[in-house]
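Q: Got a file for you: my_file-v2.pdb, PDB, C-alpha atoms and all ligand atoms.
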ATOM      1  CA  MET A   1       0.952  42.155  -0.375
ATOM      2  CA  PRO A   2       3.853  40.032   1.014
ATOM      3  CA  SER A   3       3.065  36.447   2.064
ATOM      4  CA  ASN A   4       3.098  35.339   5.709
ATOM      5  CA  ASP A   5       6.390  33.538   5.131
ATOM      6  CA  VAL A   6       8.060  36.694   3.906
ATOM      7  CA  LEU A   7       6.657  38.581   6.886
ATOM      8  CA  ALA A   8       7.828  35.803   9.210
ATOM      9  CA  GLY A   9      11.230  35.899   7.540
ATOM     10  CA  GLY A  10      11.509  39.562   8.278
ATOM     11  CA  GLU A  11      11.262  38.806  11.971
ATOM     12  CA  MET A  12      13.862  36.001  11.936
ATOM     13  CA  PRO A  13      17.633  36.023  11.575
ATOM     14  CA  GLN A  14      18.186  35.628   7.830
ATOM     15  CA  SER A  15      19.959  32.225   7.946
ATOM     16  CA  ARG A  16      17.070  30.699   9.923
ATOM     17  CA  TRP A  17      14.593  32.242   7.496
ATOM     18  CA  ILE A  18      16.422  30.769   4.476
ATOM     19  CA  LEU A  19      16.575  27.352   6.157
ATOM     20  CA  ASP A  20      12.836  27.528   6.772
ATOM     21  CA  LEU A  21      12.225  28.529   3.181
ATOM     22  CA  THR A  22      14.341  25.724   1.691
ATOM     23  CA  GLU A  23      12.538  23.133   3.839
ATOM     24  CA  GLN A  24       9.274  24.213   2.196
ATOM     25  CA  LEU A  25      10.567  23.925  -1.387
ATOM     26  CA  PRO A  26       8.452  21.476  -3.425
ATOM     27  CA  GLY A  27      11.526  19.376  -4.252
ATOM     28  CA  VAL A  28      15.045  18.838  -2.993
ATOM     29  CA  ILE A  29      18.169  20.937  -3.217
ATOM     30  CA  PHE A  30      21.374  19.076  -2.619
ATOM     31  CA  GLN A  31      25.082  18.688  -2.742
ATOM     32  CA  LEU A  32      26.281  15.309  -3.960
ATOM     33  CA  HIS A  33      29.924  14.408  -3.491
ATOM     34  CA  ARG A  34      31.758  11.629  -5.289
ATOM     35  CA  ALA A  35      35.183  10.751  -3.895
ATOM     36  CA  PRO A  36      38.026   9.551  -6.150
ATOM     37  CA  ASP A  37      37.290   5.957  -4.989
ATOM     38  CA  GLY A  38      33.668   6.315  -6.243
ATOM     39  CA  HIS A  39      32.035   6.618  -2.796
ATOM     40  CA  MET A  40      29.089   9.028  -2.927
ATOM     41  CA  HIS A  41      27.252  10.931  -0.219
ATOM     42  CA  PHE A  42      24.952  13.943   0.146
ATOM     43  CA  PRO A  43      26.713  16.545   2.360
ATOM     44  CA  TYR A  44      23.595  18.709   2.081
ATOM     45  CA  LEU A  45      19.941  17.890   1.426
ATOM     46  CA  ALA A  46      16.978  20.192   1.986
ATOM     47  CA  GLY A  47      13.406  20.643   0.809
ATOM     48  CA  SER A  48      10.063  18.983   1.431
ATOM     49  CA  GLY A  49      10.945  16.195  -1.047
ATOM     50  CA  THR A  50      13.549  14.801   1.385
ATOM     51  CA  ARG A  51      10.675  13.253   3.351
ATOM     52  CA  LEU A  52       9.337  11.202   0.406
ATOM     53  CA  THR A  53      11.786   8.314   0.599
ATOM     54  CA  GLY A  54      11.671   8.024   4.399
ATOM     55  CA  ILE A  55      15.487   7.777   4.430
ATOM     56  CA  ASP A  56      17.157   9.765   7.187
ATOM     57  CA  ARG A  57      19.173  12.584   5.624
ATOM     58  CA  HIS A  58      21.913  12.055   8.229
ATOM     59  CA  ASP A  59      22.409   8.547   6.823
ATOM     60  CA  LEU A  60      22.577  10.007   3.307
ATOM     61  CA  ALA A  61      25.137  12.543   4.501
ATOM     62  CA  ARG A  62      27.416   9.532   5.150
ATOM     63  CA  ASP A  63      26.448   7.340   2.204
ATOM     64  CA  ALA A  64      24.201   7.900  -0.862
ATOM     65  CA  LEU A  65      23.668   4.148  -1.309
ATOM     66  CA  PRO A  66      20.273   3.861   0.485
ATOM     67  CA  ALA A  67      18.865   6.436  -1.982
ATOM     68  CA  LEU A  68      20.531   4.809  -5.002
ATOM     69  CA  GLU A  69      19.039   1.454  -3.966
ATOM     70  CA  ARG A  70      15.594   3.049  -4.363
ATOM     71  CA  LEU A  71      16.155   3.614  -8.084
ATOM     72  CA  ALA A  72      14.004   1.594 -10.470
ATOM     73  CA  GLU A  73      16.092  -1.239 -11.952
ATOM     74  CA  PRO A  74      16.689   0.093 -15.524
ATOM     75  CA  ASP A  75      17.342   3.637 -14.289
ATOM     76  CA  TYR A  76      20.297   2.791 -12.030
ATOM     77  CA  PRO A  77      22.900   2.191 -14.775
ATOM     78  CA  ARG A  78      21.534   5.168 -16.720
ATOM     79  CA  LEU A  79      21.969   7.538 -13.773
ATOM     80  CA  MET A  80      25.430   6.160 -12.969
ATOM     81  CA  ALA A  81      26.482   6.683 -16.603
ATOM     82  CA  ALA A  82      25.130  10.268 -16.544
ATOM     83  CA  ILE A  83      27.043  10.983 -13.303
ATOM     84  CA  GLU A  84      30.209   9.544 -14.827
ATOM     85  CA  ARG A  85      29.825  11.656 -17.996
ATOM     86  CA  SER A  86      29.146  14.813 -16.018
ATOM     87  CA  ALA A  87      32.177  14.237 -13.762
ATOM     88  CA  ARG A  88      34.537  13.490 -16.665
ATOM     89  CA  SER A  89      33.472  16.353 -18.902
ATOM     90  CA  ALA A  90      32.590  18.808 -16.092
ATOM     91  CA  THR A  91      29.248  19.435 -17.811
ATOM     92  CA  PRO A  92      25.853  19.795 -16.080
ATOM     93  CA  LEU A  93      24.098  16.641 -14.933
ATOM     94  CA  ALA A  94      20.574  16.582 -16.366
ATOM     95  CA  THR A  95      18.522  13.408 -16.248
ATOM     96  CA  THR A  96      15.278  11.785 -15.124
ATOM     97  CA  PHE A  97      14.740   8.563 -13.189
ATOM     98  CA  ARG A  98      12.131   6.605 -11.242
ATOM     99  CA  LEU A  99      12.424   6.305  -7.501
ATOM    100  CA  ARG A 100      10.593   3.974  -5.104
ATOM    101  CA  LEU A 101       9.089   5.933  -2.231
ATOM    102  CA  ALA A 102       8.518   4.942   1.396
ATOM    103  CA  ASP A 103       4.983   3.698   0.578
ATOM    104  CA  ASP A 104       6.368   1.596  -2.339
ATOM    105  CA  GLU A 105       4.791   3.926  -4.908
ATOM    106  CA  THR A 106       7.128   4.975  -7.704
ATOM    107  CA  CYS A 107       7.638   8.575  -8.729
ATOM    108  CA  TRP A 108       9.492  10.242 -11.600
ATOM    109  CA  ILE A 109      12.265  12.646 -10.598
ATOM    110  CA  ALA A 110      13.983  15.277 -12.757
ATOM    111  CA  LEU A 111      17.525  16.085 -11.653
ATOM    112  CA  ARG A 112      19.656  19.088 -12.661
ATOM    113  CA  ALA A 113      23.079  19.725 -11.098
ATOM    114  CA  GLN A 114      26.284  21.604 -11.739
ATOM    115  CA  PRO A 115      29.576  19.758 -11.074
ATOM    116  CA  ARG A 116      32.751  21.188  -9.604
ATOM    117  CA  ARG A 117      36.063  19.423  -8.929
ATOM    118  CA  VAL A 118      36.838  19.171  -5.224
ATOM    119  CA  ASP A 119      39.786  17.313  -3.620
ATOM    120  CA  GLY A 120      40.242  15.031  -6.604
ATOM    121  CA  GLY A 121      36.538  14.151  -6.495
ATOM    122  CA  THR A 122      33.427  15.918  -7.815
ATOM    123  CA  LEU A 123      30.821  17.943  -5.980
ATOM    124  CA  TRP A 124      27.465  18.595  -7.646
ATOM    125  CA  VAL A 125      25.080  21.289  -6.492
ATOM    126  CA  GLY A 126      21.588  20.915  -7.823
ATOM    127  CA  LEU A 127      17.924  20.231  -7.431
ATOM    128  CA  MET A 128      15.472  17.382  -7.895
ATOM    129  CA  ILE A 129      11.759  17.725  -8.427
ATOM    130  CA  ASP A 130       8.906  15.267  -8.675
ATOM    131  CA  ILE A 131       7.635  15.229 -12.291
ATOM    132  CA  SER A 132       5.286  12.215 -11.927
ATOM    133  CA  GLU A 133       2.203  14.194 -12.895
ATOM    134  CA  GLN A 134       3.780  15.572 -16.090
ATOM    135  CA  MET A 135       5.033  12.081 -17.018
ATOM    136  CA  ALA A 136       1.557  10.581 -16.473
ATOM    137  CA  GLU A 137       0.007  13.324 -18.600
ATOM    138  CA  GLU A 138       2.603  12.822 -21.360
ATOM    139  CA  GLU A 139       1.882   9.077 -21.302
ATOM    140  CA  ARG A 140      -1.872   9.742 -21.519
ATOM    141  CA  LEU A 141      -1.391  12.073 -24.504
ATOM    142  CA  ARG A 142       0.989   9.625 -26.179
ATOM    143  CA  ARG A 143      -1.595   6.847 -25.799
ATOM    144  CA  LEU A 144      -4.353   9.114 -27.129
ATOM    145  CA  SER A 145      -2.334  10.110 -30.159
ATOM    146  CA  ASP A 146      -1.615   6.434 -30.939
ATOM    147  CA  THR A 147      -5.154   5.115 -30.444
ATOM    148  CA  ASP A 148      -8.249   4.924 -32.616
ATOM    149  CA  ASP A 149     -11.172   6.469 -30.723
ATOM    150  CA  LEU A 150     -13.933   4.145 -31.886
ATOM    151  CA  THR A 151     -12.279   0.745 -31.452
ATOM    152  CA  GLY A 152      -9.433   1.410 -28.991
ATOM    153  CA  LEU A 153      -7.038  -0.212 -31.488
ATOM    154  CA  ALA A 154      -3.775   1.362 -32.591
ATOM    155  CA  ASN A 155      -4.285   4.031 -35.254
ATOM    156  CA  ARG A 156      -2.493   4.639 -38.561
ATOM    157  CA  ARG A 157       0.215   6.722 -36.862
ATOM    158  CA  MET A 158       1.066   3.893 -34.461
ATOM    159  CA  LEU A 159       1.055   1.340 -37.279
ATOM    160  CA  MET A 160       3.573   3.446 -39.240
ATOM    161  CA  LYS A 161       5.826   3.684 -36.181
ATOM    162  CA  ARG A 162       5.738  -0.087 -35.559
ATOM    163  CA  LEU A 163       6.169  -0.808 -39.279
ATOM    164  CA  ASP A 164       9.374   1.248 -39.324
ATOM    165  CA  GLU A 165      10.715  -0.612 -36.262
ATOM    166  CA  GLU A 166       9.789  -4.084 -37.508
ATOM    167  CA  ILE A 167      11.032  -3.436 -41.066
ATOM    168  CA  SER A 168      14.343  -2.270 -39.674
ATOM    169  CA  LEU A 169      14.643  -5.468 -37.547
ATOM    170  CA  SER A 170      13.639  -7.598 -40.493
ATOM    171  CA  ASN A 171      16.176  -5.916 -42.789
ATOM    172  CA  ARG A 172      18.958  -6.229 -40.221
ATOM    173  CA  HIS A 173      18.371  -9.797 -39.052
ATOM    174  CA  GLY A 174      16.476 -11.347 -41.961
ATOM    175  CA  LEU A 175      13.477 -12.069 -39.718
ATOM    176  CA  PRO A 176      10.134 -12.874 -41.365
ATOM    177  CA  LEU A 177       7.466 -10.178 -41.166
ATOM    178  CA  SER A 178       3.980 -10.207 -42.674
ATOM    179  CA  LEU A 179       1.355  -7.551 -43.217
ATOM    180  CA  MET A 180      -2.413  -8.080 -43.607
ATOM    181  CA  MET A 181      -4.826  -5.464 -44.926
ATOM    182  CA  LEU A 182      -8.467  -6.166 -44.120
ATOM    183  CA  ASP A 183     -11.517  -4.332 -45.435
ATOM    184  CA  LEU A 184     -15.186  -4.937 -44.599
ATOM    185  CA  ASP A 185     -17.277  -5.952 -47.605
ATOM    186  CA  HIS A 186     -20.223  -3.769 -48.598
ATOM    187  CA  PHE A 187     -20.052  -1.840 -45.351
ATOM    188  CA  LYS A 188     -22.085   0.960 -46.886
ATOM    189  CA  ALA A 189     -24.992  -1.491 -47.217
ATOM    190  CA  ILE A 190     -24.619  -2.508 -43.531
ATOM    191  CA  ASN A 191     -24.822   1.147 -42.494
ATOM    192  CA  ASP A 192     -27.738   1.777 -44.853
ATOM    193  CA  THR A 193     -29.664  -1.295 -43.658
ATOM    194  CA  TRP A 194     -29.035  -1.273 -39.898
ATOM    195  CA  GLY A 195     -27.958   2.264 -39.240
ATOM    196  CA  HIS A 196     -24.694   4.023 -38.497
ATOM    197  CA  LEU A 197     -24.664   3.143 -34.777
ATOM    198  CA  GLN A 198     -24.974  -0.561 -35.564
ATOM    199  CA  GLY A 199     -22.252  -0.019 -38.158
ATOM    200  CA  ASP A 200     -20.000   1.386 -35.423
ATOM    201  CA  GLN A 201     -20.722  -1.668 -33.278
ATOM    202  CA  VAL A 202     -19.719  -3.948 -36.157
ATOM    203  CA  LEU A 203     -16.390  -2.106 -36.351
ATOM    204  CA  ARG A 204     -15.844  -2.558 -32.587
ATOM    205  CA  ASP A 205     -16.762  -6.263 -32.653
ATOM    206  CA  LEU A 206     -14.544  -6.790 -35.671
ATOM    207  CA  ALA A 207     -11.664  -5.123 -33.816
ATOM    208  CA  GLY A 208     -12.222  -7.594 -30.948
ATOM    209  CA  LEU A 209     -12.276 -10.602 -33.280
ATOM    210  CA  CYS A 210      -9.035  -9.504 -34.959
ATOM    211  CA  GLN A 211      -7.309  -9.032 -31.620
ATOM    212  CA  GLN A 212      -8.472 -12.395 -30.286
ATOM    213  CA  SER A 213      -7.098 -14.203 -33.298
ATOM    214  CA  LEU A 214      -3.566 -12.776 -33.056
ATOM    215  CA  ARG A 215      -0.648 -12.994 -30.640
ATOM    216  CA  GLU A 216       0.318 -10.304 -28.165
ATOM    217  CA  GLU A 217       3.319  -9.125 -30.177
ATOM    218  CA  ASP A 218       1.191  -8.662 -33.318
ATOM    219  CA  LEU A 219      -0.313  -5.233 -33.925
ATOM    220  CA  VAL A 220      -3.896  -4.646 -35.042
ATOM    221  CA  ALA A 221      -4.634  -1.122 -36.263
ATOM    222  CA  ARG A 222      -7.634   0.657 -37.704
ATOM    223  CA  LEU A 223      -6.484   2.730 -40.640
ATOM    224  CA  GLY A 224      -9.772   4.619 -40.872
ATOM    225  CA  GLY A 225     -13.304   3.852 -42.104
ATOM    226  CA  GLU A 226     -13.739   0.107 -42.470
ATOM    227  CA  GLU A 227     -10.088  -0.659 -43.172
ATOM    228  CA  PHE A 228      -7.786  -2.476 -40.742
ATOM    229  CA  ALA A 229      -4.173  -3.625 -40.839
ATOM    230  CA  MET A 230      -2.380  -6.372 -38.951
ATOM    231  CA  LEU A 231       1.359  -6.513 -38.566
ATOM    232  CA  LEU A 232       2.792  -9.926 -37.712
ATOM    233  CA  PRO A 233       6.451 -10.047 -36.675
ATOM    234  CA  LEU A 234       8.314 -13.362 -36.975
ATOM    235  CA  THR A 235       5.577 -14.661 -39.289
ATOM    236  CA  PRO A 236       6.234 -15.944 -42.808
ATOM    237  CA  GLU A 237       3.557 -15.544 -45.474
ATOM    238  CA  ARG A 238       2.276 -19.146 -45.299
ATOM    239  CA  HIS A 239       1.489 -18.750 -41.572
ATOM    240  CA  CYS A 240      -0.014 -15.343 -42.199
ATOM    241  CA  ARG A 241      -2.242 -16.867 -44.875
ATOM    242  CA  GLN A 242      -3.483 -19.589 -42.464
ATOM    243  CA  LEU A 243      -4.306 -16.927 -39.875
ATOM    244  CA  ALA A 244      -6.031 -14.727 -42.446
ATOM    245  CA  GLU A 245      -8.121 -17.653 -43.781
ATOM    246  CA  ARG A 246      -9.185 -18.570 -40.240
ATOM    247  CA  LEU A 247     -10.047 -14.941 -39.439
ATOM    248  CA  CYS A 248     -11.995 -14.535 -42.677
ATOM    249  CA  GLN A 249     -14.071 -17.658 -41.902
ATOM    250  CA  SER A 250     -14.684 -16.771 -38.260
ATOM    251  CA  ILE A 251     -15.908 -13.287 -39.253
ATOM    252  CA  SER A 252     -18.342 -14.622 -41.848
ATOM    253  CA  ALA A 253     -19.654 -17.151 -39.265
ATOM    254  CA  HIS A 254     -19.954 -14.540 -36.502
ATOM    255  CA  ASP A 255     -23.290 -13.069 -35.453
ATOM    256  CA  PHE A 256     -22.775  -9.297 -35.290
ATOM    257  CA  GLY A 257     -26.319  -8.816 -34.002
ATOM    258  CA  PHE A 258     -28.345  -9.553 -37.126
ATOM    259  CA  GLY A 259     -27.545 -13.229 -37.725
ATOM    260  CA  PRO A 260     -24.358 -14.850 -39.081
ATOM    261  CA  GLY A 261     -23.348 -14.482 -42.722
ATOM    262  CA  HIS A 262     -24.139 -10.777 -43.039
ATOM    263  CA  VAL A 263     -20.652  -9.450 -42.441
ATOM    264  CA  THR A 264     -17.663 -10.587 -44.476
ATOM    265  CA  VAL A 265     -14.193  -9.215 -45.070
ATOM    266  CA  SER A 266     -11.603  -9.221 -47.823
ATOM    267  CA  ILE A 267      -7.972  -9.632 -46.799
ATOM    268  CA  GLY A 268      -4.749  -8.920 -48.673
ATOM    269  CA  ILE A 269      -1.467 -10.269 -47.324
ATOM    270  CA  THR A 270       2.184  -9.922 -48.148
ATOM    271  CA  GLU A 271       5.554 -10.775 -46.612
ATOM    272  CA  HIS A 272       8.356  -8.281 -46.183
ATOM    273  CA  ARG A 273      11.246  -8.784 -48.607
ATOM    274  CA  ILE A 274      14.721  -7.686 -47.526
ATOM    275  CA  GLY A 275      15.252  -4.064 -48.560
ATOM    276  CA  ASP A 276      11.526  -3.259 -48.900
ATOM    277  CA  ALA A 277      10.680   0.284 -47.859
ATOM    278  CA  ARG A 278       7.529   0.779 -45.784
ATOM    279  CA  ASP A 279       5.476   2.164 -48.666
ATOM    280  CA  ILE A 280       6.388  -0.736 -50.945
ATOM    281  CA  LEU A 281       5.218  -3.255 -48.340
ATOM    282  CA  ILE A 282       1.938  -1.377 -47.790
ATOM    283  CA  GLN A 283       1.382  -1.028 -51.523
ATOM    284  CA  ARG A 284       1.822  -4.788 -52.057
ATOM    285  CA  ALA A 285      -0.632  -5.615 -49.248
ATOM    286  CA  ASP A 286      -3.082  -3.062 -50.695
ATOM    287  CA  ASP A 287      -2.752  -4.615 -54.160
ATOM    288  CA  SER A 288      -3.545  -8.039 -52.659
ATOM    289  CA  LEU A 289      -6.585  -6.565 -50.907
ATOM    290  CA  TYR A 290      -7.724  -5.031 -54.198
ATOM    291  CA  ALA A 291      -7.349  -8.456 -55.828
ATOM    292  CA  ALA A 292      -9.434 -10.043 -53.005
ATOM    293  CA  LYS A 293     -12.200  -7.463 -53.550
ATOM    294  CA  HIS A 294     -12.203  -7.950 -57.276
ATOM    295  CA  GLY A 295     -11.982 -11.711 -56.948
ATOM    296  CA  GLY A 296     -15.436 -11.695 -55.330
ATOM    297  CA  ARG A 297     -14.813 -10.533 -51.683
ATOM    298  CA  ASN A 298     -14.965 -12.728 -48.511
ATOM    299  CA  ARG A 299     -11.542 -14.130 -49.360
ATOM    300  CA  VAL A 300      -7.793 -13.894 -48.787
ATOM    301  CA  MET A 301      -5.308 -13.043 -51.527
ATOM    302  CA  ALA A 302      -1.514 -13.022 -51.251
ATOM    303  CA  SER A 303       0.959 -11.016 -53.326
ATOM    304  CA  ASP A 304       2.725 -12.768 -56.235
TER     305      ASP A 304
HETATM  306  N1  LIG A 401     -20.674   3.188 -39.033
HETATM  307  C1  LIG A 401     -19.532   3.661 -39.550
HETATM  308  N2  LIG A 401     -19.404   3.695 -40.907
HETATM  309  C2  LIG A 401     -18.265   4.165 -41.413
HETATM  310  C3  LIG A 401     -17.207   4.620 -40.584
HETATM  311  N3  LIG A 401     -16.189   5.015 -41.399
HETATM  312  C4  LIG A 401     -16.604   4.813 -42.681
HETATM  313  N4  LIG A 401     -17.844   4.291 -42.690
HETATM  314  C5  LIG A 401     -18.688   3.951 -43.845
HETATM  315  O1  LIG A 401     -18.126   2.867 -44.535
HETATM  316  C6  LIG A 401     -18.664   2.852 -45.860
HETATM  317  C7  LIG A 401     -17.586   2.460 -46.826
HETATM  318  O2  LIG A 401     -18.192   2.360 -48.087
HETATM  319  P1  LIG A 401     -17.385   1.962 -49.381
HETATM  320  O3  LIG A 401     -16.043   2.665 -49.381
HETATM  321  O4  LIG A 401     -18.288   2.195 -50.534
HETATM  322  O5  LIG A 401     -17.050   0.447 -49.218
HETATM  323  P2  LIG A 401     -17.996  -0.809 -48.997
HETATM  324  O6  LIG A 401     -19.426  -0.446 -48.988
HETATM  325  O7  LIG A 401     -17.496  -1.535 -47.776
HETATM  326  O8  LIG A 401     -17.690  -1.648 -50.259
HETATM  327  P3  LIG A 401     -16.446  -2.557 -50.582
HETATM  328  O9  LIG A 401     -15.298  -2.111 -49.726
HETATM  329  O10 LIG A 401     -16.169  -2.348 -52.038
HETATM  330  O11 LIG A 401     -16.839  -3.970 -50.282
HETATM  331  C8  LIG A 401     -19.212   4.239 -46.103
HETATM  332  O12 LIG A 401     -20.630   4.166 -46.145
HETATM  333  C9  LIG A 401     -18.774   5.051 -44.877
HETATM  334  O13 LIG A 401     -19.737   6.012 -44.490
HETATM  335  C10 LIG A 401     -17.383   4.576 -39.180
HETATM  336  O14 LIG A 401     -16.526   4.963 -38.374
HETATM  337  N5  LIG A 401     -18.566   4.102 -38.710
END
Starting from the file, give its structure as structure tokens.
Ligand SMILES: Nc1nc2c(ncn2[C@@H]2O[C@H](COP(=O)(O)OP(=O)(O)OP(=O)(O)O)[C@@H](O)[C@H]2O)c(=O)[nH]1

A:
Amino acid sequence: MPSNDVLAGGEMPQSRWILDLTEQLPGVIFQLHRAPDGHMHFPYLAGSGTRLTGIDRHDLARDALPALERLAEPDYPRLMAAIERSARSATPLATTFRLRLADDETCWIALRAQPRRVDGGTLWVGLMIDISEQMAEEERLRRLSDTDDLTGLANRRMLMKRLDEEISLSNRHGLPLSLMMLDLDHFKAINDTWGHLQGDQVLRDLAGLCQQSLREEDLVARLGGEEFAMLLPLTPERHCRQLAERLCQSISAHDFGFGPGHVTVSIGITEHRIGDARDILIQRADDSLYAAKHGGRNRVMASD
């Protein structure tokens, strides 16, 4: 069964019908021209997306600047570089950018266009569509895949990613970097005595205490079970030790709901040494944690 638009099109002259159709497209089709002196304008713009910015398309037919001024700050040089590359190599322009709309909301746009040399300049023919919903969904999934469900902290995956980044910075610039491994003491007994739900609450409260005691650029992660890790960029071991000692004391003094003194932690710390691979650093922190457990728990141990 043909749609009403197709039926309507059958009754119109074809050019009018195509114009009508393009105006209803959920995006924008365009021609973008760049003159040899760099001046850009949109000789042709059509589609329902042309209304989003509130910029008159007749103005854009003279000068693309009002649209370019709507680009989010970091995306402007990126788009200009992509346009330059496409013009030079005569290869398709394919990029994404953020655009401020008439209501000051920002949306994500995907752009695809084919260049052609015209009068010493370049003419692109292409389309733009709003991909804000996909970008928001991707961001949501990314956050989910990096987050521990129970505590809302970063998870092991996220810790590994940040470790790789920080180790690389530390190796390149010789910046100090410390790692803490923290494990609840006798957590099985806490679960057995007060129940699993109370045990979960202890893990959440502990996550909060760890976060409160660190700076914004530090990363607190739950590795699983009752084990946590803290990554401290720009922090030498002696500062890390002070922080760990303070954290250890504040946890043992904290009332987790059944009086202070019932929950303690053991902490192992180590500092990154130039050339250390990720696994070596983790292993050293783990060895320190093992030493803290076997030294009697409720204490901090550093690597040799
Ligand atoms: N409530 C709760 N318990 C958990 C969770 N994950 C692991 N556990 C429990 O944590 C306990 C860990 O026990 P163990 O590995 O024996 O360690 P521990 O009792 O803390 O003893 P030490 O580490 O040697 O001081 C187990 O009873 C697990 O069931 C969780 O998400 N929630």

Q: Specify as a CSV table (one decimal) with C-alpha atoms, in the frame of the given file each residue included when the PyMOL selection byres (((chain A and resi 222) around 8) and not hetatm) is applied to this file.

A:
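Writing done, so here's result28.csv:
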chain,number,residue,atom,x,y,z
A,148,ASP,CA,-8.2,4.9,-32.6
A,151,THR,CA,-12.3,0.7,-31.5
A,153,LEU,CA,-7.0,-0.2,-31.5
A,154,ALA,CA,-3.8,1.4,-32.6
A,155,ASN,CA,-4.3,4.0,-35.3
A,156,ARG,CA,-2.5,4.6,-38.6
A,220,VAL,CA,-3.9,-4.6,-35.0
A,221,ALA,CA,-4.6,-1.1,-36.3
A,223,LEU,CA,-6.5,2.7,-40.6
A,224,GLY,CA,-9.8,4.6,-40.9
A,225,GLY,CA,-13.3,3.9,-42.1
A,226,GLU,CA,-13.7,0.1,-42.5
A,227,GLU,CA,-10.1,-0.7,-43.2
A,228,PHE,CA,-7.8,-2.5,-40.7
A,229,ALA,CA,-4.2,-3.6,-40.8

Q: Of the candidates A:Met180, A:Leu65, A:Leu52, A:Ala277, which one gets nearest to Met301 of chain A if we count only C-alpha atoms?

A: A:Met180

Q: With distances taken over only C-alpha atoms and all ligand atoms, which residue among A:Asp20, A:Glu105, A:Asp185, A:Glu139 lies nearest ligand LIG 401 (chain A)?

A: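 Counting only C-alpha atoms and all ligand atoms, the residue closest to ligand LIG 401 (chain A) is A:Asp185.
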
Q: Hey, which of A:Thr264, A:Thr235, A:Thr22, A:Gln198 ends up closest to Cys248 of chain A? Count all atoms listed in the file.

A: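 Looking only at the distances to Cys248 of chain A, the closest residue turns out to be A:Thr264.
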
Q: Using only C-alpha atoms and all ligand atoms, which residues have at least one atom no more than 6 Å from ligand LIG 401 (chain A)? Output them as an MDAnalysis selection string.

A: chainID A and resid 184:189 191 196:197 199:200 225:226

Q: Go ahead and write the residues just picked, C-alpha atoms, as a short mmCIF file (atom, residue, chain, number, x, y, z; two decimals), in the coordinates of the input.

A:
data_model
loop_
_atom_site.label_atom_id
_atom_site.label_comp_id
_atom_site.auth_asym_id
_atom_site.auth_seq_id
_atom_site.Cartn_x
_atom_site.Cartn_y
_atom_site.Cartn_z
CA LEU A 184 -15.19 -4.94 -44.60
CA ASP A 185 -17.28 -5.95 -47.60
CA HIS A 186 -20.22 -3.77 -48.60
CA PHE A 187 -20.05 -1.84 -45.35
CA LYS A 188 -22.08 0.96 -46.89
CA ALA A 189 -24.99 -1.49 -47.22
CA ASN A 191 -24.82 1.15 -42.49
CA HIS A 196 -24.69 4.02 -38.50
CA LEU A 197 -24.66 3.14 -34.78
CA GLY A 199 -22.25 -0.02 -38.16
CA ASP A 200 -20.00 1.39 -35.42
CA GLY A 225 -13.30 3.85 -42.10
CA GLU A 226 -13.74 0.11 -42.47
#

Q: Could you tell me, as a PyMOL selection string, exactly which residues end up selected when the PyMOL selection byres (((chain A and resi 124) around 7) and not hetatm) is applied to this structure?

A: chain A and resi 31-33+113-116+122-123+125-126

Q: List the residues selected by the PyMOL selection byres (((chain A and resi 267-276) around 9) and not hetatm) in the file shown, writing them as a PyMOL selection string.

A: chain A and resi 167+170-172+174+176-184+235-237+240-241+244-245+248+265-266+277-282+284-293+297-304

Q: Taking into account only C-alpha atoms, which residue in the set A:Arg142, A:Arg62, A:His239, A:Arg34 is nearest to Glu84 of chain A?

A: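 Closest to Glu84 of chain A, using only C-alpha atoms: A:Arg34.
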
Q: Have a look at A:Leu159, A:Leu71, A:Leu247, A:Leu169 and name the one nearest to Leu219 of chain A; count only C-alpha atoms.

A: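 Among the listed residues, the smallest separation from Leu219 of chain A belongs to A:Leu159.
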
Q: What is the distance, in Å and to one decimal place, between atom CA of Ala94 of chain A and atom CA of Leu111 of chain A?

A: 5.6 Å

Q: May I ask for the distance between atom CA of Leu127 of chain A and atom CA of Asp103 of chain A, given in Å to one decimal place?

A: 22.5 Å

Q: Around (19.5, 15.2, -15.9), as given in the file, which residues come within 7 Å? Count only C-alpha atoms and list them as a ChimeraX atom specification.

A: /A:93-96,110-112

Q: Please indicate the distance in Å from atom CA of Ile83 of chain A to atom CA of Ile109 of chain A, rounded to one decimal place.

A: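 Interatomic distance, atom CA of Ile83 of chain A to atom CA of Ile109 of chain A: 15.1 Å.
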
Q: Any chance you could turn segment 145-149 of chain A into a file with N, CA, C and O atoms, as an mmCIF file, in the first residue's frame?

A:
data_model
loop_
_atom_site.group_PDB
_atom_site.id
_atom_site.type_symbol
_atom_site.label_atom_id
_atom_site.label_comp_id
_atom_site.auth_asym_id
_atom_site.auth_seq_id
_atom_site.Cartn_x
_atom_site.Cartn_y
_atom_site.Cartn_z
ATOM 1 N N SER A 145 29.780 -0.297 31.311
ATOM 2 C CA SER A 145 30.823 -1.319 31.191
ATOM 3 C C SER A 145 32.060 -0.966 32.007
ATOM 4 O O SER A 145 32.933 -1.790 32.214
ATOM 5 N N ASP A 146 32.127 0.294 32.493
ATOM 6 C CA ASP A 146 33.284 0.723 33.292
ATOM 7 C C ASP A 146 32.965 0.817 34.776
ATOM 8 O O ASP A 146 33.808 1.241 35.559
ATOM 9 N N THR A 147 31.724 0.482 35.151
ATOM 10 C CA THR A 147 31.279 0.750 36.529
ATOM 11 C C THR A 147 30.936 -0.531 37.273
ATOM 12 O O THR A 147 30.358 -1.459 36.712
ATOM 13 N N ASP A 148 31.265 -0.544 38.571
ATOM 14 C CA ASP A 148 30.872 -1.654 39.426
ATOM 15 C C ASP A 148 29.434 -1.411 39.904
ATOM 16 O O ASP A 148 29.136 -0.353 40.457
ATOM 17 N N ASP A 149 28.590 -2.407 39.688
ATOM 18 C CA ASP A 149 27.157 -2.283 39.984
ATOM 19 C C ASP A 149 26.864 -1.920 41.433
ATOM 20 O O ASP A 149 26.067 -1.029 41.723
#
